[in-house]
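Text of the file work.txt, holding compact mmCIF, C-alpha atoms (C1' of nucleotides):
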# COMPACT_ATOMS: atom_id res chain seq x y z
CA MET A 217 118.47 -12.23 22.44
CA SER A 218 118.98 -9.46 19.96
CA VAL A 219 119.43 -6.10 21.61
CA GLU A 220 119.43 -4.09 18.41
CA PRO A 221 117.34 -0.95 18.63
CA PHE A 222 114.06 -0.92 16.75
CA SER A 223 112.06 1.64 14.83
CA ILE A 224 108.94 3.36 16.02
CA GLY A 225 106.91 1.15 13.72
CA LYS A 226 108.21 -2.04 15.32
CA LEU A 227 107.65 -0.63 18.77
CA ALA A 228 104.14 0.31 17.76
CA LYS A 229 103.42 -3.19 16.50
CA ALA A 230 104.99 -4.84 19.54
CA THR A 231 102.87 -2.84 21.96
CA GLY A 232 99.70 -2.42 19.96
CA THR A 233 100.13 1.32 19.95
CA LYS A 234 99.80 3.71 17.05
CA VAL A 235 102.98 5.38 15.91
CA GLU A 236 101.44 8.80 16.47
CA THR A 237 100.48 7.88 20.00
CA ILE A 238 104.07 6.93 20.79
CA ARG A 239 105.27 10.30 19.54
CA TYR A 240 102.54 11.92 21.60
CA TYR A 241 103.71 10.11 24.74
CA GLU A 242 107.20 11.39 24.07
CA SER A 243 105.92 14.93 23.60
CA VAL A 244 104.16 14.92 26.96
CA GLY A 245 107.15 13.41 28.74
CA LEU A 246 105.64 10.00 29.39
CA LEU A 247 108.15 8.09 27.29
CA ALA A 248 111.81 9.17 27.26
CA PRO A 249 113.13 10.44 23.92
CA PRO A 250 115.05 7.56 22.33
CA ALA A 251 118.35 7.69 20.49
CA ARG A 252 118.24 8.66 16.84
CA THR A 253 119.74 6.98 13.81
CA LYS A 254 121.82 9.06 11.40
CA ASN A 255 118.61 9.70 9.45
CA ASN A 256 116.96 11.08 12.52
CA TYR A 257 114.73 8.04 12.93
CA ARG A 258 113.86 7.11 16.50
CA ALA A 259 115.80 4.05 17.72
CA TYR A 260 114.18 2.36 20.69
CA SER A 261 115.73 0.01 23.23
CA ALA A 262 114.27 -2.87 25.24
CA GLN A 263 113.81 -0.39 28.10
CA HIS A 264 111.54 1.67 25.96
CA LEU A 265 109.54 -1.38 25.04
CA ALA A 266 109.14 -2.33 28.69
CA ARG A 267 108.15 1.15 29.68
CA LEU A 268 105.69 1.63 26.85
CA SER A 269 104.14 -1.72 27.65
CA PHE A 270 103.71 -0.58 31.22
CA ILE A 271 102.17 2.68 30.06
CA ARG A 272 99.75 0.93 27.76
CA ARG A 273 98.69 -1.58 30.36
CA ALA A 274 98.19 1.16 32.92
CA ARG A 275 96.21 3.26 30.45
CA ALA A 276 94.11 0.23 29.62
CA LEU A 277 93.49 -0.09 33.35
CA GLY A 278 92.01 3.36 33.17
CA PHE A 279 94.83 5.27 34.85
CA SER A 280 95.11 8.81 33.57
CA ILE A 281 98.36 9.92 32.02
CA GLU A 282 99.03 11.92 35.16
CA GLN A 283 98.53 8.82 37.31
CA VAL A 284 100.80 6.81 35.04
CA GLN A 285 103.44 9.51 35.42
CA ALA A 286 103.17 9.17 39.19
CA LEU A 287 103.44 5.39 39.05
CA LEU A 288 106.48 5.58 36.80
CA GLN A 289 108.21 8.04 39.09
CA LEU A 290 107.54 5.83 42.06
CA ALA A 291 108.71 2.80 40.16
CA ASP A 292 112.00 4.54 39.46
CA GLN A 293 112.77 5.09 43.15
CA LYS A 294 113.01 1.49 44.14
CA ASP A 295 114.15 2.12 47.67
CA ILE A 296 111.12 3.92 49.07
CA SER A 297 107.98 2.48 50.50
CA CYS A 298 105.32 1.44 48.08
CA LYS A 299 102.58 2.97 50.19
CA ALA A 300 102.10 5.69 47.61
CA VAL A 301 101.79 3.16 44.83
CA ASP A 302 99.33 1.24 46.94
CA ALA A 303 97.32 4.40 47.55
CA ILE A 304 97.07 5.18 43.87
CA ALA A 305 96.05 1.62 43.12
CA ARG A 306 93.42 1.58 45.85
CA GLU A 307 92.00 4.86 44.71
CA HIS A 308 91.77 3.48 41.25
CA LEU A 309 90.20 0.23 42.36
CA ALA A 310 87.36 2.15 43.93
CA GLU A 311 86.90 3.96 40.66
CA ILE A 312 86.79 0.69 38.75
CA ASP A 313 84.19 -0.67 41.12
CA ARG A 314 82.07 2.39 40.54
CA LYS A 315 82.38 1.97 36.79
CA LEU A 316 81.51 -1.69 37.07
CA ARG A 317 78.37 -0.95 39.06
CA ASP A 318 77.30 1.72 36.61
CA LEU A 319 77.94 -0.40 33.56
CA ASN A 320 76.05 -3.34 35.02
CA THR A 321 73.07 -1.12 35.70
CA LEU A 322 73.18 0.30 32.20
CA ARG A 323 73.53 -3.14 30.72
CA ALA A 324 70.41 -4.30 32.49
CA GLU A 325 68.44 -1.27 31.39
CA LEU A 326 69.63 -1.45 27.84
CA SER A 327 68.97 -5.14 27.41
CA SER A 328 65.48 -4.85 28.86
CA VAL A 329 64.89 -2.05 26.40
CA ILE A 330 66.02 -4.28 23.55
CA VAL A 331 63.80 -7.12 24.63
CA GLN A 332 60.80 -4.82 24.52
CA CYS A 333 61.70 -3.53 21.08
CA GLY A 334 60.82 -6.73 19.30
CA ASN A 335 59.52 -5.96 15.84
CA GLY A 336 56.89 -3.26 15.95
CA THR A 337 56.88 0.21 14.56
CA ILE A 338 58.37 3.13 16.39
CA SER A 339 55.02 4.09 17.79
CA ASP A 340 54.91 0.74 19.55
CA CYS A 341 58.58 0.75 20.35
CA ARG A 342 59.30 1.10 24.02
CA ILE A 343 62.92 2.05 23.59
CA ILE A 344 62.08 5.68 23.06
CA GLU A 345 59.61 5.74 25.91
CA THR A 346 62.03 4.00 28.18
CA LEU A 347 64.45 6.80 27.62
CA ALA A 348 61.74 9.44 27.84
CA PRO A 349 61.62 11.83 30.77
CA ASP A 350 60.77 10.77 34.25
CA PRO A 351 57.40 12.39 35.00
CA ALA A 352 58.71 13.20 38.46
CA ALA A 353 61.10 15.69 36.90
CA LEU A 354 58.17 17.62 35.48
CA ARG A 355 56.81 18.81 38.78
CA MET B 161 49.37 21.87 34.50
CA SER B 162 51.24 25.03 33.77
CA VAL B 163 52.50 25.25 30.22
CA GLU B 164 54.44 28.46 30.67
CA PRO B 165 57.88 28.37 29.14
CA PHE B 166 60.84 28.14 31.47
CA SER B 167 64.34 29.54 31.54
CA ILE B 168 67.51 27.66 30.77
CA GLY B 169 68.25 27.56 34.49
CA LYS B 170 64.99 25.78 35.29
CA LEU B 171 65.52 23.38 32.44
CA ALA B 172 69.01 22.71 33.72
CA LYS B 173 67.75 21.99 37.21
CA ALA B 174 64.87 19.83 35.96
CA THR B 175 67.17 17.63 33.91
CA GLY B 176 70.31 17.70 36.01
CA THR B 177 72.24 19.32 33.19
CA LYS B 178 74.59 22.27 33.36
CA VAL B 179 73.39 25.43 31.67
CA GLU B 180 76.50 25.48 29.51
CA THR B 181 75.87 21.93 28.39
CA ILE B 182 72.36 22.83 27.25
CA ARG B 183 73.72 25.69 25.19
CA TYR B 184 76.33 23.32 23.83
CA TYR B 185 73.65 20.82 22.78
CA GLU B 186 71.89 23.61 20.95
CA SER B 187 75.08 24.68 19.22
CA VAL B 188 75.69 21.17 17.88
CA GLY B 189 72.09 20.78 16.75
CA LEU B 190 71.07 18.21 19.34
CA LEU B 191 68.46 20.39 20.99
CA ALA B 192 66.30 22.71 18.88
CA PRO B 193 66.80 26.44 19.49
CA PRO B 194 63.95 27.57 21.73
CA ALA B 195 61.90 30.75 21.49
CA ARG B 196 63.37 33.86 23.06
CA THR B 197 61.86 36.32 25.49
CA LYS B 198 62.05 40.00 24.69
CA ASN B 199 65.29 40.09 26.66
CA ASN B 200 66.75 37.41 24.45
CA TYR B 201 66.50 34.80 27.18
CA ARG B 202 65.87 31.25 25.99
CA ALA B 203 62.28 30.18 26.69
CA TYR B 204 61.86 26.41 26.72
CA SER B 205 58.69 24.38 26.28
CA ALA B 206 57.65 21.01 27.65
CA GLN B 207 58.83 19.50 24.36
CA HIS B 208 62.31 20.74 25.05
CA LEU B 209 62.20 19.27 28.51
CA ALA B 210 61.14 15.90 27.15
CA ARG B 211 63.79 15.92 24.48
CA LEU B 212 66.58 17.00 26.77
CA SER B 213 65.58 14.33 29.26
CA PHE B 214 65.83 11.78 26.50
CA ILE B 215 69.21 13.09 25.47
CA ARG B 216 70.52 12.95 29.01
CA ARG B 217 69.26 9.44 29.61
CA ALA B 218 70.77 8.25 26.35
CA ARG B 219 74.08 9.96 27.10
CA ALA B 220 74.09 8.43 30.58
CA LEU B 221 73.66 5.06 28.88
CA GLY B 222 76.84 5.82 27.02
CA PHE B 223 75.44 6.61 23.59
CA SER B 224 77.56 9.08 21.70
CA ILE B 225 76.05 12.37 20.60
CA GLU B 226 76.00 11.02 17.07
CA GLN B 227 74.08 7.96 18.20
CA VAL B 228 71.66 10.13 20.13
CA GLN B 229 71.10 12.18 16.98
CA ALA B 230 70.27 9.01 15.12
CA LEU B 231 67.89 7.84 17.83
CA LEU B 232 66.13 11.20 17.87
CA GLN B 233 65.68 11.19 14.11
CA LEU B 234 64.24 7.71 14.27
CA ALA B 235 61.99 8.70 17.11
CA ASP B 236 60.57 11.49 14.98
CA GLN B 237 59.41 9.12 12.25
CA LYS B 238 56.88 7.23 14.27
CA ASP B 239 55.55 5.12 11.43
CA ILE B 240 58.64 3.17 10.48
CA SER B 241 59.98 0.02 11.98
CA CYS B 242 62.05 0.31 15.07
CA LYS B 243 64.61 -2.18 13.79
CA ALA B 244 67.11 0.61 13.35
CA VAL B 245 66.65 1.73 16.93
CA ASP B 246 67.08 -1.84 18.06
CA ALA B 247 70.26 -2.16 16.01
CA ILE B 248 71.81 0.89 17.61
CA ALA B 249 70.92 -0.35 21.06
CA ARG B 250 72.27 -3.83 20.37
CA GLU B 251 75.49 -2.46 19.01
CA HIS B 252 75.80 -0.42 22.13
CA LEU B 253 75.09 -3.38 24.34
CA ALA B 254 77.95 -5.29 22.76
CA GLU B 255 80.20 -2.34 23.48
CA ILE B 256 79.12 -2.32 27.11
CA ASP B 257 79.78 -6.03 27.40
CA ARG B 258 83.28 -5.55 26.07
CA LYS B 259 83.94 -2.82 28.61
CA LEU B 260 82.56 -4.97 31.39
CA ARG B 261 84.85 -7.86 30.50
CA ASP B 262 87.85 -5.54 30.42
CA LEU B 263 86.99 -3.86 33.67
CA ASN B 264 86.53 -7.18 35.44
CA THR B 265 89.91 -8.37 34.28
CA LEU B 266 91.48 -5.13 35.37
CA ARG B 267 89.79 -5.23 38.71
CA ALA B 268 91.16 -8.67 39.41
CA GLU B 269 94.68 -7.63 38.51
CA LEU B 270 94.58 -4.44 40.44
CA SER B 271 93.24 -6.00 43.61
CA SER B 272 95.80 -8.79 43.52
CA VAL B 273 98.42 -6.09 43.14
CA ILE B 274 97.13 -4.33 46.23
CA VAL B 275 97.15 -7.51 48.26
CA GLN B 276 100.77 -8.15 47.33
CA CYS B 277 101.79 -4.57 47.95
CA GLY B 278 101.12 -4.82 51.65
CA ASN B 279 104.01 -3.18 53.42
CA GLY B 280 107.26 -3.70 51.57
CA THR B 281 109.38 -1.32 49.56
CA ILE B 282 108.90 -0.75 45.89
CA SER B 283 111.55 -3.27 45.02
CA ASP B 284 109.27 -5.89 46.55
CA CYS B 285 106.16 -4.33 45.12
CA ARG B 286 104.61 -6.27 42.32
CA ILE B 287 102.52 -3.48 40.91
CA ILE B 288 105.05 -2.47 38.30
CA GLU B 289 105.81 -6.03 37.33
CA THR B 290 102.14 -6.82 37.09
CA LEU B 291 101.86 -4.17 34.46
CA ALA B 292 105.15 -5.07 32.82
CA PRO B 293 105.26 -6.33 29.25
CA ASP B 294 104.02 -9.70 28.22
CA PRO B 295 107.17 -11.66 27.28
CA ALA B 296 105.28 -12.90 24.22
CA ALA B 297 105.34 -9.37 22.82
CA LEU B 298 109.12 -9.41 22.81
CA ARG B 299 109.57 -12.11 20.24
C1' DG C 123 65.79 54.49 44.53
C1' DG C 124 69.97 52.20 44.91
C1' DT C 125 72.55 48.20 45.20
C1' DT C 126 73.48 43.42 45.89
C1' DG C 127 73.31 38.97 44.04
C1' DA C 128 71.46 35.60 41.07
C1' DC C 129 70.35 34.94 36.72
C1' DC C 130 71.03 35.33 31.53
C1' DC C 131 73.63 36.51 26.98
C1' DT C 132 77.68 35.69 23.33
C1' DC C 133 82.07 34.40 22.05
C1' DT C 134 86.48 32.38 22.83
C1' DA C 135 89.66 29.32 24.76
C1' DG C 136 90.95 25.30 27.47
C1' DT C 137 90.72 20.18 28.69
C1' DG C 138 92.50 15.12 27.94
C1' DA C 139 94.21 11.90 25.12
C1' DC C 140 94.79 11.37 21.32
C1' DT C 141 94.17 11.54 15.68
C1' DT C 142 94.73 13.59 11.30
C1' DC C 143 96.92 16.28 7.99
C1' DA C 144 100.41 18.62 5.14
C1' DG C 145 104.74 18.47 3.22
C1' DA C 146 109.18 16.42 2.96
C1' DC C 147 112.71 12.64 3.34
C1' DT C 148 114.25 7.51 3.44
C1' DT C 149 114.02 2.69 3.03
C1' DT C 150 112.30 -1.51 1.05
C1' DA C 151 110.26 -4.32 -2.38
C1' DT C 152 109.33 -5.38 -7.11
C1' DA D 32 113.93 2.50 -11.50
C1' DT D 33 110.02 3.34 -9.50
C1' DA D 34 106.41 2.80 -6.36
C1' DA D 35 104.89 1.66 -1.82
C1' DA D 36 105.63 1.90 2.85
C1' DG D 37 107.84 3.96 6.64
C1' DT D 38 109.64 8.07 9.02
C1' DC D 39 110.12 13.10 10.28
C1' DT D 40 108.06 17.82 12.20
C1' DG D 41 104.57 20.91 13.43
C1' DA D 42 99.99 22.35 13.41
C1' DA D 43 95.25 21.60 13.51
C1' DG D 44 91.16 18.69 14.42
C1' DT D 45 88.27 15.55 17.51
C1' DC D 46 84.83 14.66 21.37
C1' DA D 47 81.96 16.33 24.85
C1' DC D 48 82.09 19.38 27.43
C1' DT D 49 83.89 23.23 30.88
C1' DA D 50 85.49 27.73 32.13
C1' DG D 51 86.21 32.49 31.50
C1' DA D 52 85.68 37.33 29.89
C1' DG D 53 82.70 40.98 29.52
C1' DG D 54 78.42 42.31 29.45
C1' DG D 55 72.94 42.87 30.20
C1' DT D 56 68.61 41.81 33.31
C1' DC D 57 65.73 40.90 37.23
C1' DA D 58 63.92 40.29 42.08
C1' DA D 59 64.29 41.86 46.57
C1' DC D 60 65.74 44.06 50.43
C1' DC D 61 67.12 48.50 52.88

Write out the structure in this file as structure tokens.
Amino acid sequence: MSVEPFSIGKLAKATGTKVETIRYYESVGLLAPPARTKNNYRAYSAQHLARLSFIRRARALGFSIEQVQALLQLADQKDISCKAVDAIAREHLAEIDRKLRDLNTLRAELSSVIVQCGNGTISDCRIIETLAPDPAALR
Amino acid sequence: MSVEPFSIGKLAKATGTKVETIRYYESVGLLAPPARTKNNYRAYSAQHLARLSFIRRARALGFSIEQVQALLQLADQKDISCKAVDAIAREHLAEIDRKLRDLNTLRAELSSVIVQCGNGTISDCRIIETLAPDPAALR
DNA sequence: GGTTGACCCTCTAGTGACTTCAGACTTTAT
DNA sequence: ATAAAGTCTGAAGTCACTAGAGGGTCAACC
């Protein structure tokens, strides 16, 4: 297992992150500044890879950068209760469920709209009407 | 049916939009600038109400402002085929399906994390590990 | 008639999470 | 040797709003 440090480009490729995004994470204090080579290039360790992977996964899960910060801080204090971690996760799960419900509703609406929009002209096309105002709002 | 023009506040209430957002839509060319009263207050017509309702519905469905612009332009040319409208909607549906798949995966992970994170300390807590890097990425 | 509070106006700046750009240096491949 | 690809910093741009400063206007109640 080679423990040589790697460049920002390699780290980017390994984690599916853009180079600029990695630098951004460093600038906002999400990812610790790595060592530098004599040319001032960033030299990352396996720790950085692990942490960036965590960050990316958490971001993909929809956690905000602030929430990821909180999770990382908690993760670093291994001796305390994980109730706080659990709370953050639960809070987020509720959010995901809300998003899922919304998206499913939208999906249904959108696909019914598409079905109606078979091949006619716009004047026959229901997609516009479907999105048109609810008469009830016009009171 | 009263056809008197209404203020930005009434329009906001009728469409569930913030006043500032309406002005923003005008500034980016999404909503046509309305007439003005002698006091320079915006005076909206039923057309504006209809169009803003459309905009809000489309935005709620997750269309970007650019996509909404496209839909509105298409809607204004009533004599052409609605294939373009259909294409935009279909494209958007695919996007929604991708998000749904992701969210479902995430939900499963997060809830299994919560189950495991019952009452131990962080060192027992799997939440960090669950989000830890995929060993495959470390090649 | 005065004043309180709810509206409305414009213009500017702030938000989150990046992305893009300009301008310069270094490393790698041909 | 030279060109392409990678890296650096710092600043500005993006999206879709949101908030704030600093002002004018209007309806109503005392």

Quiz prompt | Interatomic distance (Å, one decimal) between CA of Glu311 (chain A) and CA of Gly176 (chain B) | solution = 22.0 Å

Quiz prompt | Shell around DC143 (chain C) at 9 Å using only C-alpha atoms (C1' of nucleotides), local window under 4 positions removed, as number ranges by chain | solution = D: 42-44

Practice problem: Find the residues of chain D in contact range of chain A, meaning any atom within 8 Å when counting all atoms listed in the file, and list them as a list in words. | Solution: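 Matching residues, ligands excluded from the count: DG37, DT38 and DC39 of chain D.
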
Quiz item: Separation of CA of Ser224 (chain B) and CA of Pro194 (chain B), in Å?
Solution: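 Separating CA of Ser224 (chain B) from CA of Pro194 (chain B) is a distance of 23.0 Å.
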
Residues of chain A within 8 Å of chain C: nearest atom pair and distance (Å, one decimal) for each, counting all atoms listed in the file, sorted by chain and number, as a Markdown table?
| residue | atom | partner | partner_atom | distance |
| --- | --- | --- | --- | --- |
| A:Glu236 | CA | C:DT141 | C1' | 7.8 |
| A:Thr237 | CA | C:DC140 | C1' | 6.8 |
| A:Tyr240 | CA | C:DC140 | C1' | 7.8 |
| A:Asn255 | CA | C:DT148 | C1' | 7.7 |

Quiz item: Rounded to one decimal in Å, what is the spacing between CA of Arg219 (chain B) and CA of Lys170 (chain B)?
Solution: 20.0 Å

Quiz prompt | Given all atoms listed in the file as the counted atoms, nearest of B:Arg183, B:Arg196, B:Arg250, B:Lys178 to chain A | solution = B:Arg250

Quiz item: Which residues come within 12 Å of Leu221 (chain B), counting only C-alpha atoms (C1' of nucleotides), excluding same-chain residues fewer than 3 positions away, as a ChimeraX atom specification?
Solution: /A:318-327,329,346-347 /B:214-218,224-225,227-228,249,252-253,255-256

Self-check item: Nearest to chain B, chosen from A:Pro249, A:Ala286, A:Leu265, A:Thr233, with all atoms listed in the file counted in the distances
Solution: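 Looking only at the distances to chain B, the closest residue turns out to be A:Leu265.
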
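Proximity to chain B was assessed for A:Ile238, A:Ala310, A:Ala230, A:Leu247 counting only C-alpha atoms; the smallest distance is recorded for A:Ala230.
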